[in-house]
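Have a look at coords_17.cif; it's mmCIF, C-alpha atoms:
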```cif
data_entry
#
loop_
_atom_site.label_atom_id
_atom_site.label_comp_id
_atom_site.auth_asym_id
_atom_site.auth_seq_id
_atom_site.Cartn_x
_atom_site.Cartn_y
_atom_site.Cartn_z
CA MET A 15 -53.02 93.45 54.70
CA ALA A 16 -52.38 92.23 58.25
CA LEU A 17 -54.39 95.10 59.71
CA GLN A 18 -57.20 94.42 57.26
CA SER A 19 -57.24 90.72 58.18
CA LYS A 20 -57.41 91.58 61.89
CA ALA A 21 -60.26 93.99 61.26
CA GLN A 22 -62.14 91.39 59.26
CA ALA A 23 -61.64 88.81 62.01
CA ALA A 24 -62.85 91.27 64.64
CA SER A 25 -65.99 92.04 62.64
CA ALA A 26 -66.78 88.37 61.88
CA PRO A 27 -69.81 86.94 63.70
CA GLN A 28 -68.94 85.24 66.97
CA ARG A 29 -70.72 82.18 68.32
CA ALA A 30 -73.56 82.87 70.71
CA PHE A 31 -74.60 79.25 71.31
CA LYS A 32 -73.73 77.35 74.49
CA ILE A 33 -72.02 73.96 74.72
CA ALA A 34 -74.50 71.80 76.61
CA LEU A 35 -74.39 68.60 78.62
CA THR A 36 -77.29 66.23 77.99
CA PRO A 37 -76.53 63.03 79.93
CA GLY A 38 -78.66 60.49 78.09
CA SER A 39 -77.01 61.17 74.74
CA ILE A 40 -73.59 60.09 76.05
CA GLY A 41 -74.60 57.32 78.44
CA VAL A 42 -74.34 59.35 81.63
CA THR A 43 -76.67 58.46 84.50
CA VAL A 44 -77.23 60.79 87.45
CA ALA A 45 -79.51 60.78 90.47
CA SER A 46 -80.25 64.49 90.67
CA GLN A 47 -80.08 67.85 88.94
CA ARG A 48 -77.39 69.02 91.33
CA GLU A 49 -75.22 66.03 90.45
CA LEU A 50 -75.68 66.78 86.74
CA ASN A 51 -74.83 70.45 87.33
CA GLY A 52 -71.63 69.35 89.07
CA LEU A 53 -70.59 67.20 86.12
CA ALA A 54 -71.30 70.03 83.68
CA HIS A 55 -69.27 72.50 85.69
CA ARG A 56 -66.37 70.12 86.25
CA HIS A 57 -65.95 69.51 82.53
CA GLY A 58 -66.40 73.05 81.28
CA PHE A 59 -69.89 72.86 79.80
CA GLU A 60 -71.82 76.11 79.47
CA ALA A 61 -75.37 74.74 79.65
CA VAL A 62 -77.04 71.75 81.27
CA GLU A 63 -80.20 69.79 80.53
CA PRO A 64 -83.01 70.29 83.06
CA MET A 65 -84.61 67.20 84.64
CA PRO A 66 -88.34 68.00 84.33
CA ALA A 67 -89.84 65.57 86.83
CA GLU A 68 -87.46 66.54 89.62
CA ILE A 69 -87.79 70.25 88.95
CA ALA A 70 -91.60 70.10 88.86
CA GLY A 71 -91.60 68.74 92.39
CA MET A 72 -89.32 71.40 93.87
CA SER A 73 -90.47 73.93 96.44
CA PRO A 74 -89.76 77.65 95.97
CA ALA A 75 -86.82 77.34 98.39
CA GLN A 76 -85.39 74.41 96.46
CA LEU A 77 -85.77 76.27 93.17
CA ALA A 78 -83.92 79.24 94.66
CA GLU A 79 -81.09 76.94 95.75
CA LEU A 80 -81.00 75.41 92.26
CA ALA A 81 -80.81 78.85 90.63
CA ALA A 82 -77.96 79.79 92.96
CA ASP A 83 -76.15 76.57 92.08
CA LEU A 84 -76.46 77.26 88.35
CA GLY A 85 -75.21 80.81 88.82
CA ALA A 86 -72.24 79.74 90.92
CA LYS A 87 -71.28 77.21 88.26
CA HIS A 88 -71.79 79.70 85.40
CA LEU A 89 -74.36 77.45 83.74
CA VAL A 90 -77.56 78.19 81.85
CA TRP A 91 -80.38 75.84 81.00
CA ALA A 92 -80.31 73.76 77.84
CA ALA A 93 -83.56 72.40 76.38
CA ALA A 94 -85.66 69.98 78.40
CA GLY A 95 -86.93 66.79 76.83
CA LEU A 96 -90.67 66.61 76.15
CA PRO A 97 -92.33 64.28 78.68
CA VAL A 98 -95.22 63.42 76.35
CA ASP A 99 -95.23 60.49 73.91
CA PHE A 100 -97.33 61.71 71.01
CA ARG A 101 -96.21 58.94 68.62
CA LYS A 102 -98.32 56.09 70.01
CA ASP A 103 -102.02 55.53 70.72
CA ASP A 104 -104.36 58.20 72.01
CA ALA A 105 -104.44 56.82 75.56
CA THR A 106 -100.65 57.15 75.84
CA PHE A 107 -100.79 60.65 74.42
CA ARG A 108 -103.59 61.70 76.80
CA ALA A 109 -101.71 60.39 79.84
CA GLY A 110 -98.74 62.57 78.92
CA ILE A 111 -100.89 65.61 78.17
CA ASN A 112 -102.60 65.36 81.55
CA ASP A 113 -99.24 65.66 83.34
CA LEU A 114 -97.76 68.31 81.05
CA PRO A 115 -99.21 71.48 82.65
CA LYS A 116 -97.68 70.68 86.04
CA ILE A 117 -94.30 69.85 84.53
CA ALA A 118 -94.36 72.89 82.25
CA ALA A 119 -95.20 75.13 85.21
CA GLY A 120 -92.28 73.71 87.17
CA LEU A 121 -89.87 74.25 84.28
CA HIS A 122 -91.06 77.83 83.94
CA ARG A 123 -90.55 78.52 87.64
CA ALA A 124 -87.00 77.19 87.34
CA GLY A 125 -86.25 79.52 84.43
CA VAL A 126 -86.24 76.89 81.69
CA ARG A 127 -87.44 78.31 78.37
CA ARG A 128 -86.85 75.55 75.78
CA VAL A 129 -88.34 72.06 75.28
CA GLY A 130 -87.51 69.69 72.44
CA THR A 131 -88.63 66.40 70.93
CA TRP A 132 -88.16 64.30 67.78
CA LEU A 133 -90.44 63.15 64.96
CA MET A 134 -90.71 59.53 63.82
CA PRO A 135 -90.09 59.62 60.04
CA CYS A 136 -92.32 56.68 59.09
CA SER A 137 -95.40 54.71 60.10
CA ASP A 138 -96.96 51.31 59.45
CA GLU A 139 -100.49 52.60 60.02
CA LEU A 140 -100.75 56.21 58.85
CA THR A 141 -100.20 57.59 55.38
CA TYR A 142 -98.20 60.81 55.09
CA ARG A 143 -101.35 62.94 54.95
CA ALA A 144 -103.05 61.21 57.90
CA ASN A 145 -99.85 61.32 59.94
CA PHE A 146 -99.36 65.00 59.15
CA LYS A 147 -102.90 65.76 60.32
CA GLN A 148 -102.39 63.83 63.57
CA HIS A 149 -99.07 65.56 64.25
CA VAL A 150 -100.59 68.99 63.70
CA ALA A 151 -103.39 68.21 66.16
CA ARG A 152 -101.27 66.58 68.87
CA LEU A 153 -98.25 68.86 68.63
CA GLY A 154 -100.56 71.86 68.49
CA GLU A 155 -102.11 70.79 71.79
CA ILE A 156 -98.68 70.35 73.34
CA ALA A 157 -97.55 73.69 71.95
CA ARG A 158 -100.53 75.48 73.49
CA ILE A 159 -99.71 74.16 76.96
CA LEU A 160 -96.03 75.00 76.62
CA SER A 161 -96.90 78.49 75.38
CA ASP A 162 -99.02 79.06 78.48
CA HIS A 163 -95.79 78.64 80.47
CA ASP A 164 -93.50 80.65 78.15
CA LEU A 165 -91.73 77.56 76.84
CA ARG A 166 -90.47 77.42 73.27
CA PHE A 167 -91.01 74.06 71.56
CA GLY A 168 -88.53 72.45 69.16
CA LEU A 169 -89.16 69.62 66.67
CA GLU A 170 -86.33 67.44 65.37
CA TYR A 171 -86.68 65.67 62.04
CA VAL A 172 -85.04 62.27 61.65
CA GLY A 173 -83.31 62.00 58.29
CA THR A 174 -81.61 58.61 58.70
CA GLN A 175 -82.29 56.76 55.46
CA ARG A 176 -82.46 53.29 57.01
CA VAL A 177 -85.07 54.48 59.51
CA LEU A 178 -87.12 56.23 56.83
CA VAL A 179 -87.65 52.98 54.90
CA GLY A 180 -88.14 50.89 58.04
CA ARG A 181 -91.93 51.09 57.88
CA LYS A 182 -94.61 51.23 55.19
CA TYR A 183 -95.30 54.95 54.96
CA PRO A 184 -92.51 57.59 54.98
CA PHE A 185 -93.16 60.80 56.91
CA VAL A 186 -91.45 64.16 57.62
CA HIS A 187 -87.67 63.68 57.41
CA THR A 188 -86.18 66.89 56.00
CA LEU A 189 -85.73 70.49 57.09
CA ALA A 190 -88.21 71.80 54.52
CA GLU A 191 -90.94 69.35 55.56
CA THR A 192 -90.44 70.14 59.23
CA ARG A 193 -90.82 73.84 58.53
CA GLU A 194 -94.07 73.04 56.68
CA LEU A 195 -95.32 71.11 59.72
CA ILE A 196 -94.38 73.99 62.03
CA ALA A 197 -96.14 76.45 59.76
CA GLU A 198 -99.30 74.31 59.85
CA ILE A 199 -99.20 74.16 63.66
CA GLY A 200 -99.26 77.94 63.45
CA ARG A 201 -97.61 79.01 66.71
CA ASN A 202 -94.61 81.30 66.64
CA HIS A 203 -92.92 79.69 69.64
CA VAL A 204 -92.62 76.35 67.79
CA GLY A 205 -89.34 75.82 65.96
CA LEU A 206 -86.58 73.39 65.06
CA VAL A 207 -84.24 71.05 66.82
CA LEU A 208 -81.40 70.74 64.30
CA ASP A 209 -79.08 67.73 64.27
CA SER A 210 -75.99 67.67 62.05
CA TRP A 211 -76.45 63.91 61.56
CA HIS A 212 -80.02 64.20 60.29
CA TRP A 213 -79.19 67.33 58.29
CA TRP A 214 -76.47 65.31 56.51
CA GLN A 215 -78.58 62.17 56.11
CA ALA A 216 -81.48 64.15 54.66
CA GLY A 217 -79.28 65.83 52.06
CA ASP A 218 -80.03 69.28 53.46
CA THR A 219 -77.60 72.10 52.75
CA VAL A 220 -75.64 74.92 54.35
CA ALA A 221 -77.69 77.34 52.27
CA GLU A 222 -80.90 76.06 53.85
CA LEU A 223 -79.45 76.62 57.32
CA ARG A 224 -78.35 80.14 56.40
CA ALA A 225 -81.93 80.90 55.32
CA LEU A 226 -83.18 80.29 58.87
CA LYS A 227 -83.64 82.88 61.59
CA ASN A 228 -82.32 82.46 65.11
CA ALA A 229 -85.89 82.54 66.43
CA GLU A 230 -86.69 79.38 64.45
CA ILE A 231 -84.01 77.27 66.18
CA ILE A 232 -84.73 75.90 69.64
CA SER A 233 -81.83 73.49 70.14
CA VAL A 234 -79.00 71.83 68.19
CA ASP A 235 -77.32 68.41 68.25
CA LEU A 236 -73.82 67.87 66.90
CA ASN A 237 -72.47 64.53 65.67
CA ASP A 238 -70.15 62.91 63.17
CA ALA A 239 -70.55 59.67 61.21
CA PRO A 240 -68.43 56.52 60.93
CA LYS A 241 -66.01 56.32 58.02
CA ASP A 242 -66.18 53.89 55.12
CA ILE A 243 -69.94 53.27 55.35
CA ALA A 244 -72.22 54.46 52.56
CA LYS A 245 -74.67 57.16 53.65
CA GLY A 246 -77.65 54.94 52.96
CA GLN A 247 -76.21 52.17 55.14
CA GLN A 248 -75.41 54.31 58.18
CA LYS A 249 -77.17 53.24 61.40
CA ASP A 250 -78.86 55.90 63.50
CA GLY A 251 -77.59 54.46 66.78
CA GLU A 252 -73.96 54.15 65.70
CA ARG A 253 -72.63 57.68 65.32
CA GLU A 254 -69.38 59.38 66.31
CA LEU A 255 -68.54 62.34 68.50
CA PRO A 256 -68.30 65.71 66.70
CA VAL A 257 -65.39 66.02 64.23
CA ALA A 258 -64.17 62.49 65.03
CA THR A 259 -64.07 61.48 61.36
CA GLY A 260 -64.82 64.53 59.21
CA VAL A 261 -67.55 62.70 57.29
CA ILE A 262 -70.10 65.42 58.16
CA ASP A 263 -69.33 69.03 57.23
CA THR A 264 -69.22 70.32 60.79
CA ALA A 265 -67.53 73.59 59.85
CA GLY A 266 -70.23 74.40 57.30
CA PHE A 267 -73.00 73.42 59.71
CA LEU A 268 -71.62 75.49 62.60
CA GLY A 269 -70.64 78.39 60.37
CA ALA A 270 -74.23 78.69 59.18
CA LEU A 271 -75.54 78.71 62.75
CA VAL A 272 -73.07 81.42 63.72
CA ALA A 273 -74.10 83.43 60.66
CA VAL A 274 -77.79 83.38 61.67
CA GLY A 275 -76.94 84.27 65.27
CA TYR A 276 -78.10 81.05 66.91
CA ASP A 277 -77.91 81.62 70.67
CA GLY A 278 -79.29 78.43 72.21
CA PRO A 279 -77.79 75.18 73.51
CA MET A 280 -75.75 72.70 71.47
CA ARG A 281 -75.07 69.16 72.64
CA ALA A 282 -73.21 66.09 71.38
CA GLU A 283 -75.53 63.15 70.69
CA PRO A 284 -73.37 60.34 69.29
CA PHE A 285 -75.26 57.29 70.60
CA ASN A 286 -71.84 55.68 70.57
CA LYS A 287 -71.24 52.36 72.36
CA ILE A 288 -67.67 53.21 73.34
CA VAL A 289 -68.68 56.55 74.84
CA ASN A 290 -71.75 55.05 76.52
CA ALA A 291 -69.60 52.40 78.22
CA LEU A 292 -67.47 55.03 79.95
CA ASP A 293 -68.08 56.16 83.52
CA ASN A 294 -69.73 59.55 83.96
CA ASP A 295 -66.63 61.72 84.24
CA PRO A 296 -64.70 60.20 81.30
CA ALA A 297 -67.84 60.35 79.12
CA CYS A 298 -68.33 64.02 79.95
CA ALA A 299 -64.64 64.70 79.36
CA VAL A 300 -64.54 63.22 75.86
CA SER A 301 -67.81 64.88 74.91
CA ALA A 302 -66.65 68.30 76.13
CA ALA A 303 -63.32 67.92 74.33
CA ALA A 304 -65.05 66.99 71.07
CA MET A 305 -67.40 69.96 71.33
CA ARG A 306 -64.53 72.36 71.98
CA GLN A 307 -62.65 70.93 69.00
CA ALA A 308 -65.72 71.44 66.84
CA VAL A 309 -66.14 75.01 68.00
CA GLY A 310 -62.46 75.56 67.17
CA LEU A 311 -63.32 75.02 63.50
CA ILE A 312 -65.17 78.34 63.53
CA GLY A 313 -62.64 80.15 65.66
CA GLY A 314 -64.38 80.10 68.93
#
```
As structure tokens, the full file:
Amino acid sequence: MALQSKAQAASAPQRAFKIALTPGSIGVTVASQRELNGLAHRHGFEAVEPMPAEIAGMSPAQLAELAADLGAKHLVWAAAGLPVDFRKDDATFRAGINDLPKIAAGLHRAGVRRVGTWLMPCSDELTYRANFKQHVARLGEIARILSDHDLRFGLEYVGTQRVLVGRKYPFVHTLAETRELIAEIGRNHVGLVLDSWHWWQAGDTVAELRALKNAEIISVDLNDAPKDIAKGQQKDGERELPVATGVIDTAGFLGALVAVGYDGPMRAEPFNKIVNALDNDPACAVSAAAMRQAVGLIGG
């Protein structure tokens, strides 16, 4: 029996995803990519968020130095944030689109291959159908530019129930709806940014995650929720670090991602006031420790 158990353990899928440092999600402020790389390395992260504006302005020599720094610190790139606000008026969207080719080209030269953003799950002006049409058009335009520079594009649905009812017209807020939106955009490099918080808030399931393919997942966020607050009363900006409370089924969430072979970055995104108030090093330390504890739930 012991030999059989060891054989089963050896044949079980192992995690391929990388524990990533994304500074804004834990209240960390840095002046440069090199400073952020140093924090990531010091606290045992495996991936680090790229800073698009800085990278886009780097010379070939500076990019070579940055690549050497990443290699020396055993880091890979996590997903970059999308520097285009597609949620507001057309003038705001156009301003972002005009700058995107230069930024996308810089990210590509640096070796970045993933970009992510989030979807507002409601609107005061647009009905679901009108909002869906606008998202397909705008995100499709963004996706085309990113594709020109070999950048995969991830969309994160926001399932928080209090946010969903915050405006007149509800919009995309579940995994299934986001996949429908991606299908309508019609580009195979567009996929999902999954967040355990929104997955839980939306009532999505482990089975739905296990039905995904690795190629559909661009990036992942990991969080827990405060205890003793009804799901419908939870506030989006008051979360907990991974496995802090056990309210969210972290083991089921991570186990599904391991099963589908997810091999991208995974970050903590607690939006937690206590964590945000910490200095850079303590904030990175508690985030890294929480991520390692979460990974321990799946043996790795």
Self-check item: Reference answer for the PyMOL selection byres ((chain A and resi 226-243) around 9), as a PyMOL selection string
Solution: chain A and resi 92-93+128-130+166-170+202-211+222-225+244-248+252-264+271+274-284+305+308
Practice problem: Compare A:Leu133, A:Ala302, A:Leu121, A:Ala216 by their minimum atom-to-atom distance to Asn145 in chain A, counting only C-alpha atoms, and give me the closest one. | Solution: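 The closest residue to Asn145 in chain A is A:Leu133.
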Quiz item: Excluding same-chain residues fewer than 6 positions from Gly120 in chain A, what lies within 8 Å of it counting all atoms listed in the file, as a ChimeraX atom specification?
Solution: /A:66,69-72
Quiz item: In Å to one decimal, how far is CA of Val90 in chain A from CA of Pro115 in chain A?
Solution: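 Spanning CA of Pro115 in chain A to CA of Val90 in chain A is a straight-line distance of 22.7 Å.
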Quiz item: Which one is closest to Leu178 in chain A: A:Asp164, A:Arg158, A:Arg193, A:Cys136? Count all atoms listed in the file.
Solution: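 For Leu178 in chain A, the nearest of the given residues is A:Cys136.
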How would you write as a PDB file with C-alpha atoms, keeping the file's coordinate frame the residues that get within 12 Å of (-71.1, 52.0, 78.1) in the file's frame, counting all atoms listed in the file?
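And here's part-v6.pdb as it stands now:
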```pdb
ATOM      1  CA  GLY A  38     -78.660  60.490  78.090  1.00  0.00           C
ATOM      2  CA  SER A  39     -77.010  61.170  74.740  1.00  0.00           C
ATOM      3  CA  ILE A  40     -73.590  60.090  76.050  1.00  0.00           C
ATOM      4  CA  GLY A  41     -74.600  57.320  78.440  1.00  0.00           C
ATOM      5  CA  VAL A  42     -74.340  59.350  81.630  1.00  0.00           C
ATOM      6  CA  THR A  43     -76.670  58.460  84.500  1.00  0.00           C
ATOM      7  CA  PHE A 285     -75.260  57.290  70.600  1.00  0.00           C
ATOM      8  CA  ASN A 286     -71.840  55.680  70.570  1.00  0.00           C
ATOM      9  CA  LYS A 287     -71.240  52.360  72.360  1.00  0.00           C
ATOM     10  CA  ILE A 288     -67.670  53.210  73.340  1.00  0.00           C
ATOM     11  CA  VAL A 289     -68.680  56.550  74.840  1.00  0.00           C
ATOM     12  CA  ASN A 290     -71.750  55.050  76.520  1.00  0.00           C
ATOM     13  CA  ALA A 291     -69.600  52.400  78.220  1.00  0.00           C
ATOM     14  CA  LEU A 292     -67.470  55.030  79.950  1.00  0.00           C
ATOM     15  CA  ASP A 293     -68.080  56.160  83.520  1.00  0.00           C
ATOM     16  CA  ASN A 294     -69.730  59.550  83.960  1.00  0.00           C
ATOM     17  CA  PRO A 296     -64.700  60.200  81.300  1.00  0.00           C
ATOM     18  CA  ALA A 297     -67.840  60.350  79.120  1.00  0.00           C
TER      19      ALA A 297
END
```
Quiz item: Between CA of Leu35 in chain A and CA of Leu53 in chain A, what is the spacing in Å?
Solution: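 Separating CA of Leu53 in chain A from CA of Leu35 in chain A is a distance of 8.5 Å.
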Quiz item: Skipping near chain neighbours, those fewer than 6 positions away, what residues fall within 10 Å of Ser137 in chain A using all atoms listed in the file, listed as a PyMOL selection string?
Solution: chain A and resi 101+145+178-185
Practice problem: Report as a ChimeraX atom specification the residues that result from applying the PyMOL selection byres ((chain A and resi 91) around 9) to the structure here. | Solution: /A:34,60-64,84,89-90,92-94,125-128,279
Practice problem: Spell out the residues picked by the PyMOL selection byres ((chain A and resi 98) around 12) here, as an MDAnalysis selection string. | Solution: chainID A and resid 66:67 94:97 99:115 117:118 129:132 152:153 155:157 159:160
Selected residues written out, C-alpha atoms, as a tab-separated table (two decimals), in the frame of the given file:
```tsv
chain	number	residue	atom	x	y	z
A	66	PRO	CA	-88.34	68.00	84.33
A	67	ALA	CA	-89.84	65.57	86.83
A	94	ALA	CA	-85.66	69.98	78.40
A	95	GLY	CA	-86.93	66.79	76.83
A	96	LEU	CA	-90.67	66.61	76.15
A	97	PRO	CA	-92.33	64.28	78.68
A	99	ASP	CA	-95.23	60.49	73.91
A	100	PHE	CA	-97.33	61.71	71.01
A	101	ARG	CA	-96.21	58.94	68.62
A	102	LYS	CA	-98.32	56.09	70.01
A	103	ASP	CA	-102.02	55.53	70.72
A	104	ASP	CA	-104.36	58.20	72.01
A	105	ALA	CA	-104.44	56.82	75.56
A	106	THR	CA	-100.65	57.15	75.84
A	107	PHE	CA	-100.79	60.65	74.42
A	108	ARG	CA	-103.59	61.70	76.80
A	109	ALA	CA	-101.71	60.39	79.84
A	110	GLY	CA	-98.74	62.57	78.92
A	111	ILE	CA	-100.89	65.61	78.17
A	112	ASN	CA	-102.60	65.36	81.55
A	113	ASP	CA	-99.24	65.66	83.34
A	114	LEU	CA	-97.76	68.31	81.05
A	115	PRO	CA	-99.21	71.48	82.65
A	117	ILE	CA	-94.30	69.85	84.53
A	118	ALA	CA	-94.36	72.89	82.25
A	129	VAL	CA	-88.34	72.06	75.28
A	130	GLY	CA	-87.51	69.69	72.44
A	131	THR	CA	-88.63	66.40	70.93
A	132	TRP	CA	-88.16	64.30	67.78
A	152	ARG	CA	-101.27	66.58	68.87
A	153	LEU	CA	-98.25	68.86	68.63
A	155	GLU	CA	-102.11	70.79	71.79
A	156	ILE	CA	-98.68	70.35	73.34
A	157	ALA	CA	-97.55	73.69	71.95
A	159	ILE	CA	-99.71	74.16	76.96
A	160	LEU	CA	-96.03	75.00	76.62
```
Quiz prompt | From A:Ala78, A:Leu140, A:Ala221, A:Met134, residue lying nearest Thr192 in chain A [all atoms listed in the file] | solution = A:Met134
Practice problem: Find, counting all atoms listed in the file, the residue in A:Asp295, A:Asp218, A:Glu191, A:Glu49 that gets nearest to Tyr142 in chain A. | Solution: A:Glu191
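Distance-wise, CA of Gly85 in chain A and CA of Ala30 in chain A end up 18.3 Å apart.
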Quiz item: Looking at A:Val177, A:Ala265, A:Val300, A:Leu80, which one is nearest to Arg123 in chain A, with distances taken over only C-alpha atoms?
Solution: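 Using only C-alpha atoms, the shortest distance to Arg123 in chain A belongs to A:Leu80.
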Quiz prompt | Top pick for closest residue to Phe267 in chain A, considering A:Trp214, A:Tyr171, A:Phe31, A:Phe146 and counting all atoms listed in the file | solution =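 Once distances to Phe267 in chain A are computed over all atoms listed in the file, the minimum belongs to A:Trp214.
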May I ask you to restore N, CA and C atoms in range 29-40 of chain A and write the result as a tab-separated table (two decimals), in the frame of the given file?
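Result written to out.tsv:
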```tsv
chain	number	residue	atom	x	y	z
A	29	ARG	N	-69.69	83.13	67.90
A	29	ARG	CA	-70.72	82.18	68.32
A	29	ARG	C	-71.44	82.69	69.57
A	30	ALA	N	-72.75	82.52	69.55
A	30	ALA	CA	-73.56	82.87	70.71
A	30	ALA	C	-74.14	81.63	71.37
A	31	PHE	N	-74.03	80.47	70.74
A	31	PHE	CA	-74.60	79.25	71.31
A	31	PHE	C	-73.74	78.73	72.46
A	32	LYS	N	-74.36	77.89	73.29
A	32	LYS	CA	-73.73	77.35	74.49
A	32	LYS	C	-73.50	75.85	74.35
A	33	ILE	N	-72.32	75.39	74.73
A	33	ILE	CA	-72.02	73.96	74.72
A	33	ILE	C	-72.73	73.31	75.90
A	34	ALA	N	-73.59	72.34	75.60
A	34	ALA	CA	-74.50	71.80	76.61
A	34	ALA	C	-74.22	70.34	76.93
A	35	LEU	N	-74.47	69.99	78.18
A	35	LEU	CA	-74.39	68.60	78.62
A	35	LEU	C	-75.79	68.03	78.71
A	36	THR	N	-76.05	67.00	77.92
A	36	THR	CA	-77.29	66.23	77.99
A	36	THR	C	-76.88	64.79	78.29
A	37	PRO	N	-77.14	64.29	79.49
A	37	PRO	CA	-76.53	63.03	79.93
A	37	PRO	C	-76.92	61.81	79.11
A	38	GLY	N	-78.21	61.69	78.77
A	38	GLY	CA	-78.66	60.49	78.09
A	38	GLY	C	-78.01	60.26	76.74
A	39	SER	N	-77.58	61.30	76.08
A	39	SER	CA	-77.01	61.17	74.74
A	39	SER	C	-75.58	60.65	74.76
A	40	ILE	N	-74.95	60.62	75.95
A	40	ILE	CA	-73.59	60.09	76.05
A	40	ILE	C	-73.49	59.00	77.13
```
